[in-house]
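**Student:** One structure, as structure tokens, below. Some questions next.
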Amino acid sequence: MPVQILNTLTRSLEEIVPRVGEGRSLSLYTCGPTVYAHAHIGNFRAYVFEDLLQRHLRERGFAVRRVMNLTDVDDKTIRGAVASGIQLGDYTHPFKKAFFEDAETLRLLPAEAYPAATDPEQIARMIAMIGTLMERGHAYQAEDRSVYFRIASFPGYGKLARVDLEGQRPGQRVASDEYEKEAVADFALWKAWVPEDGSVGWESPWGKGRPGWHIECSAMATGLLGETIDIHCGGVDNIFPHHEAEIAQCECAGHGAGPFVRYWMHCAHLMVEGSKMAKSAGNFFTLRDLLQKGWTGREVRYALITTHYRGSLNFTFEGLAASRTALGRLDAWRERLIESAGSEPIAEAPGDATEVFFEALDDDLNISGALAVLFETLRESNRRMDEGMLTPAQAKGMLLWLARVDGVLALEPDIASALPAEVEGLVSARAAARTAKEWKKSDEIRDQIAALGWTVKDTKDGQKVTKS
Ligand code: AMP
Ligand code: ZN
């Protein structure tokens, strides 16, 4: 079955097909974090959706080249650095580092490259791109010394967000990176230096200044992935003006060989009590907040991944608790399958019904359909294990299927080495006590392990430790 997705540009389901001559290779650009604070889990909803997409495409045999940018210079990062009285790079550095740690905790596959907007090579590309737009009459320098994109020069402006240009007066300008559709206007490509920018600024043919947010993504995306990119993702808030501006810049500065992007995909917002989770609204949780409250990265990933990416998802602690329960069921099932399979060398492939898991994801990442197959398979095979009807070869086949599912969902239990050192030490001490047949001591250590939140079970293969 082909992989189909809803293309925001055409508002219709389209099969993902690589470009002619590209084999099974696809390029994917995903707008990354603005590193002026810790990313919140709303941001991570977008990144987890993109990760699911990338993993499913990989399962379907595509080689995905993904680039994610880091926005490390914009209005917000500069404001933060100036308020803290430190250099921009020193201000953004810890947030970049934290982002990579969080991404790992949420099991996001790494991108091939994470270009940062302030890389000298990227700044040079942005300046070159603005130069081309100037030469071709798509950009002009205004009295405020900033350079703006002339939207009236690009008939395709508005095609992604379906913006009506009626009412827009040529020459109307907007300097800020974010604005509403109603305020459609020429947007800034290069922002002339002002005293509030402090030490932030680069020399350019138009004087000292800094790039606008939109040109950053356009230059980094085309610089690393070429003039036409297969898939470009982000949250719905990116559609306008950010992605609309990216199209305008790239299609006007390019060679006209093709569109800037072939498939646009956008995820809906993570909400909190009816409003978008946003730093500016102050209604956000970072991953760190949740880890501190005792939730795991795997549980947060589950909570973010299990609602269809285009459906609005409300963040609640009940939702996280439900994730914990669901993962507990999956873990217990997996343990049972491992025990049933024993050391059986032969694996019997599970029936076609299990393929429906991947076919559901082919259908615009229909995660509810896929999870329905997963839990139905769990129920059915548990029932057969209860009746002693599942052979070791069938259990082994089921485990191999589960490994494929893990490749896409990445919800497998944390590996045993992730046991806290203290628990690991107690487990070894308990093994020694059992070898010495010191049963009372062994039981005491089991209680100590339980007090730390872990359950130890004795199996024929030794002690098995799981999170309580
Ligand atoms: P930002 O750091 O604000 O540029 O956002 C980074 C990414 O997170 C973008 O793709 C946004 O569209 C996305 N995003 C921001 N807030 C949310 C939210 N509440 N739910 C889902 N995605 C979001
Ligand atoms: Zn972007």
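Labels used: A, B, ... for chains in the order of the structure tokens, numbers from 1 for residues in each chain, and numbers from 1 for ligands as shown.
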As a quick test: using only C-alpha atoms and all ligand atoms, which residues lie no more than 10 Å away from ligand 2? Give them as a compact mmCIF listing (two decimals) with N, CA, C and O atoms, in the first residue's frame.

**Tutor:**
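Output contents, as saved in out.txt:
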```txt
# COMPACT_ATOMS: atom_id res chain seq x y z
N TYR A 29 12.39 18.50 5.75
CA TYR A 29 12.84 19.66 6.52
C TYR A 29 11.81 19.93 7.61
O TYR A 29 10.60 20.01 7.34
N THR A 30 12.30 20.06 8.83
CA THR A 30 11.39 20.29 9.95
C THR A 30 11.85 21.54 10.70
O THR A 30 13.02 21.63 11.09
N CYS A 31 10.94 22.49 10.86
CA CYS A 31 11.31 23.72 11.57
C CYS A 31 11.63 23.38 13.03
O CYS A 31 10.82 22.74 13.71
N GLY A 32 12.78 23.81 13.48
CA GLY A 32 13.22 23.44 14.82
C GLY A 32 12.90 24.50 15.86
O GLY A 32 12.17 25.45 15.59
N PRO A 33 13.46 24.32 17.04
CA PRO A 33 13.10 25.22 18.15
C PRO A 33 13.77 26.59 18.06
O PRO A 33 14.86 26.72 17.50
N THR A 34 13.09 27.56 18.62
CA THR A 34 13.70 28.87 18.85
C THR A 34 14.30 28.77 20.25
O THR A 34 13.57 28.55 21.21
N MET A 68 16.90 19.68 10.57
CA MET A 68 16.11 20.51 11.49
C MET A 68 16.97 21.70 11.88
O MET A 68 18.13 21.53 12.28
N ASN A 69 16.40 22.89 11.74
CA ASN A 69 17.19 24.09 12.05
C ASN A 69 17.06 24.46 13.53
O ASN A 69 16.14 24.00 14.22
N LEU A 70 17.97 25.28 13.99
CA LEU A 70 17.87 25.87 15.32
C LEU A 70 17.79 27.37 15.12
O LEU A 70 18.71 27.97 14.53
N THR A 71 16.70 27.97 15.56
CA THR A 71 16.56 29.43 15.43
C THR A 71 17.27 30.05 16.62
O THR A 71 16.72 30.09 17.72
N TRP A 213 13.33 35.84 10.54
CA TRP A 213 13.18 34.41 10.85
C TRP A 213 12.91 33.59 9.58
O TRP A 213 13.47 32.49 9.40
N HIS A 214 12.08 34.11 8.67
CA HIS A 214 11.68 33.31 7.51
C HIS A 214 12.84 33.03 6.57
O HIS A 214 12.98 31.91 6.07
N ILE A 215 13.69 34.02 6.36
CA ILE A 215 14.81 33.81 5.42
C ILE A 215 15.80 32.81 6.02
O ILE A 215 16.48 32.07 5.29
N GLU A 216 15.85 32.75 7.33
CA GLU A 216 16.74 31.77 7.98
C GLU A 216 16.39 30.37 7.50
O GLU A 216 17.24 29.61 7.02
N CYS A 217 15.10 30.01 7.61
CA CYS A 217 14.69 28.65 7.23
C CYS A 217 14.87 28.43 5.73
O CYS A 217 15.33 27.37 5.30
N SER A 218 14.50 29.43 4.92
CA SER A 218 14.64 29.27 3.46
C SER A 218 16.08 28.97 3.08
O SER A 218 16.35 28.09 2.26
N MET A 220 18.60 27.86 5.01
CA MET A 220 19.14 26.62 5.57
C MET A 220 18.54 25.40 4.88
O MET A 220 19.22 24.42 4.62
N ALA A 221 17.23 25.47 4.59
CA ALA A 221 16.56 24.33 3.96
C ALA A 221 17.14 24.08 2.56
O ALA A 221 17.57 22.97 2.25
N HIS A 232 8.03 19.04 4.00
CA HIS A 232 8.35 20.10 4.96
C HIS A 232 7.25 20.09 6.01
O HIS A 232 6.07 20.11 5.68
N CYS A 233 7.67 20.03 7.28
CA CYS A 233 6.68 19.94 8.37
C CYS A 233 6.81 21.07 9.37
O CYS A 233 7.85 21.72 9.46
N GLY A 234 5.79 21.19 10.17
CA GLY A 234 5.80 22.12 11.29
C GLY A 234 4.42 22.07 11.96
O GLY A 234 3.56 21.27 11.56
N GLY A 235 4.24 22.92 12.94
CA GLY A 235 2.91 23.03 13.57
C GLY A 235 2.03 23.94 12.72
O GLY A 235 2.55 24.72 11.90
N ASN A 238 2.77 27.54 12.02
CA ASN A 238 3.84 27.91 11.08
C ASN A 238 3.32 28.20 9.67
O ASN A 238 4.05 28.77 8.85
N ILE A 239 2.08 27.80 9.38
CA ILE A 239 1.60 27.93 7.99
C ILE A 239 1.67 29.40 7.55
O ILE A 239 2.19 29.72 6.49
N HIS A 242 5.00 32.08 8.43
CA HIS A 242 6.35 31.52 8.24
C HIS A 242 6.51 30.70 6.95
O HIS A 242 7.38 30.99 6.13
N HIS A 243 5.67 29.71 6.77
CA HIS A 243 5.87 28.85 5.59
C HIS A 243 5.44 29.53 4.30
O HIS A 243 6.01 29.27 3.23
N ALA A 245 5.94 32.61 3.72
CA ALA A 245 7.10 33.45 3.39
C ALA A 245 8.25 32.59 2.85
O ALA A 245 8.95 32.99 1.91
N GLU A 246 8.42 31.40 3.43
CA GLU A 246 9.49 30.51 2.94
C GLU A 246 9.27 30.19 1.46
O GLU A 246 10.22 30.17 0.67
```

**Student:** Check which residues of chain A sit at most 10 Å from ligand 1 using only C-alpha atoms and all ligand atoms, and return one row each with the closest pair of atoms and their distance in Å to one decimal, ordered by chain and rising number, as a Markdown table.

**Tutor:**
```
| residue | atom | partner | partner_atom_place_in_ligand_line | distance |
| --- | --- | --- | --- | --- |
| A:Thr30 | CA | ligand 1 | 10 (O) | 7.2 |
| A:Cys31 | CA | ligand 1 | 10 (O) | 5.3 |
| A:Gly32 | CA | ligand 1 | 6 (C) | 5.3 |
| A:Pro33 | CA | ligand 1 | 2 (O) | 3.8 |
| A:Thr34 | CA | ligand 1 | 2 (O) | 4.0 |
| A:Val35 | CA | ligand 1 | 2 (O) | 6.9 |
| A:Tyr36 | CA | ligand 1 | 2 (O) | 8.3 |
| A:Ala37 | CA | ligand 1 | 2 (O) | 8.7 |
| A:His38 | CA | ligand 1 | 2 (O) | 9.0 |
| A:Ala39 | CA | ligand 1 | 2 (O) | 6.6 |
| A:His40 | CA | ligand 1 | 16 (N) | 7.7 |
| A:Ile41 | CA | ligand 1 | 18 (C) | 7.5 |
| A:Gly42 | CA | ligand 1 | 18 (C) | 3.6 |
| A:Asn43 | CA | ligand 1 | 8 (O) | 3.5 |
| A:Phe44 | CA | ligand 1 | 8 (O) | 6.6 |
| A:Arg45 | CA | ligand 1 | 21 (C) | 5.1 |
| A:Ala46 | CA | ligand 1 | 22 (N) | 4.6 |
| A:Tyr47 | CA | ligand 1 | 8 (O) | 7.2 |
| A:Val48 | CA | ligand 1 | 22 (N) | 9.7 |
| A:Phe49 | CA | ligand 1 | 21 (C) | 9.4 |
| A:Glu50 | CA | ligand 1 | 10 (O) | 9.6 |
| A:Asn69 | CA | ligand 1 | 6 (C) | 9.9 |
| A:Leu70 | CA | ligand 1 | 2 (O) | 8.8 |
| A:Thr71 | CA | ligand 1 | 4 (O) | 7.4 |
| A:Lys76 | CA | ligand 1 | 3 (O) | 10.0 |
| A:Trp213 | CA | ligand 1 | 4 (O) | 9.3 |
| A:Cys233 | CA | ligand 1 | 10 (O) | 7.2 |
| A:Gly234 | CA | ligand 1 | 10 (O) | 3.7 |
| A:Gly235 | CA | ligand 1 | 12 (O) | 3.1 |
| A:Val236 | CA | ligand 1 | 12 (O) | 5.7 |
| A:Asp237 | CA | ligand 1 | 12 (O) | 5.0 |
| A:Asn238 | CA | ligand 1 | 12 (O) | 5.0 |
| A:Ile239 | CA | ligand 1 | 12 (O) | 8.2 |
| A:His242 | CA | ligand 1 | 12 (O) | 9.6 |
| A:His266 | CA | ligand 1 | 12 (O) | 7.9 |
| A:Cys267 | CA | ligand 1 | 21 (C) | 6.5 |
| A:Ala268 | CA | ligand 1 | 21 (C) | 5.8 |
| A:His269 | CA | ligand 1 | 20 (N) | 3.3 |
| A:Leu270 | CA | ligand 1 | 20 (N) | 3.8 |
| A:Met271 | CA | ligand 1 | 19 (N) | 5.9 |
| A:Val272 | CA | ligand 1 | 19 (N) | 8.4 |
| A:Ser275 | CA | ligand 1 | 19 (N) | 8.4 |
| A:Lys276 | CA | ligand 1 | 19 (N) | 4.8 |
| A:Met277 | CA | ligand 1 | 19 (N) | 3.9 |
| A:Ala278 | CA | ligand 1 | 19 (N) | 5.5 |
| A:Lys279 | CA | ligand 1 | 3 (O) | 8.0 |
| A:Ser280 | CA | ligand 1 | 3 (O) | 9.5 |
| A:Asn283 | CA | ligand 1 | 19 (N) | 9.6 |
| A:Phe284 | CA | ligand 1 | 19 (N) | 8.3 |
| A:Leu304 | CA | ligand 1 | 21 (C) | 9.7 |
| A:Tyr309 | CA | ligand 1 | 21 (C) | 9.1 |
| A:Arg310 | CA | ligand 1 | 21 (C) | 10.0 |
| A:Ser312 | CA | ligand 1 | 20 (N) | 8.6 |
| A:Leu313 | CA | ligand 1 | 20 (N) | 8.4 |
| A:Asn314 | CA | ligand 1 | 19 (N) | 9.7 |
| A:Phe315 | CA | ligand 1 | 19 (N) | 9.7 |
```

**Student:** Can you pull out the residues contacting Leu365 of chain A? Cut-off 12 Å, using only C-alpha atoms, and skip same-chain residues under 3 positions away; I want them as a PyMOL selection string.

**Tutor:** chain A and resi 2-6+13+49-57+265+267+305-311+357-362+368-371+408-409

**Student:** Just give me the gap between atom CA of Glu380 of chain A and atom CA of Arg404 of chain A in Å, one decimal is fine.

**Tutor:**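 Between atom CA of Glu380 of chain A and atom CA of Arg404 of chain A the gap is 18.7 Å.
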
**Student:** Looking only at the backbone, which of the residues in segment 163-383 of chain A does DSSP tag as alpha helix (DSSP H), as an NGL selection string?

**Tutor:** :A and (213-225 or 244-253 or 287-292 or 297-305 or 317-341 or 355-362 or 367-383)

**Student:** Looking at only C-alpha atoms, which of A:Ala257, A:Ile229, A:Leu189, A:Ala128 is the one that sits closest to Pro18 of chain A?

**Tutor:**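 For Pro18 of chain A, the nearest of the candidates is A:Ile229.
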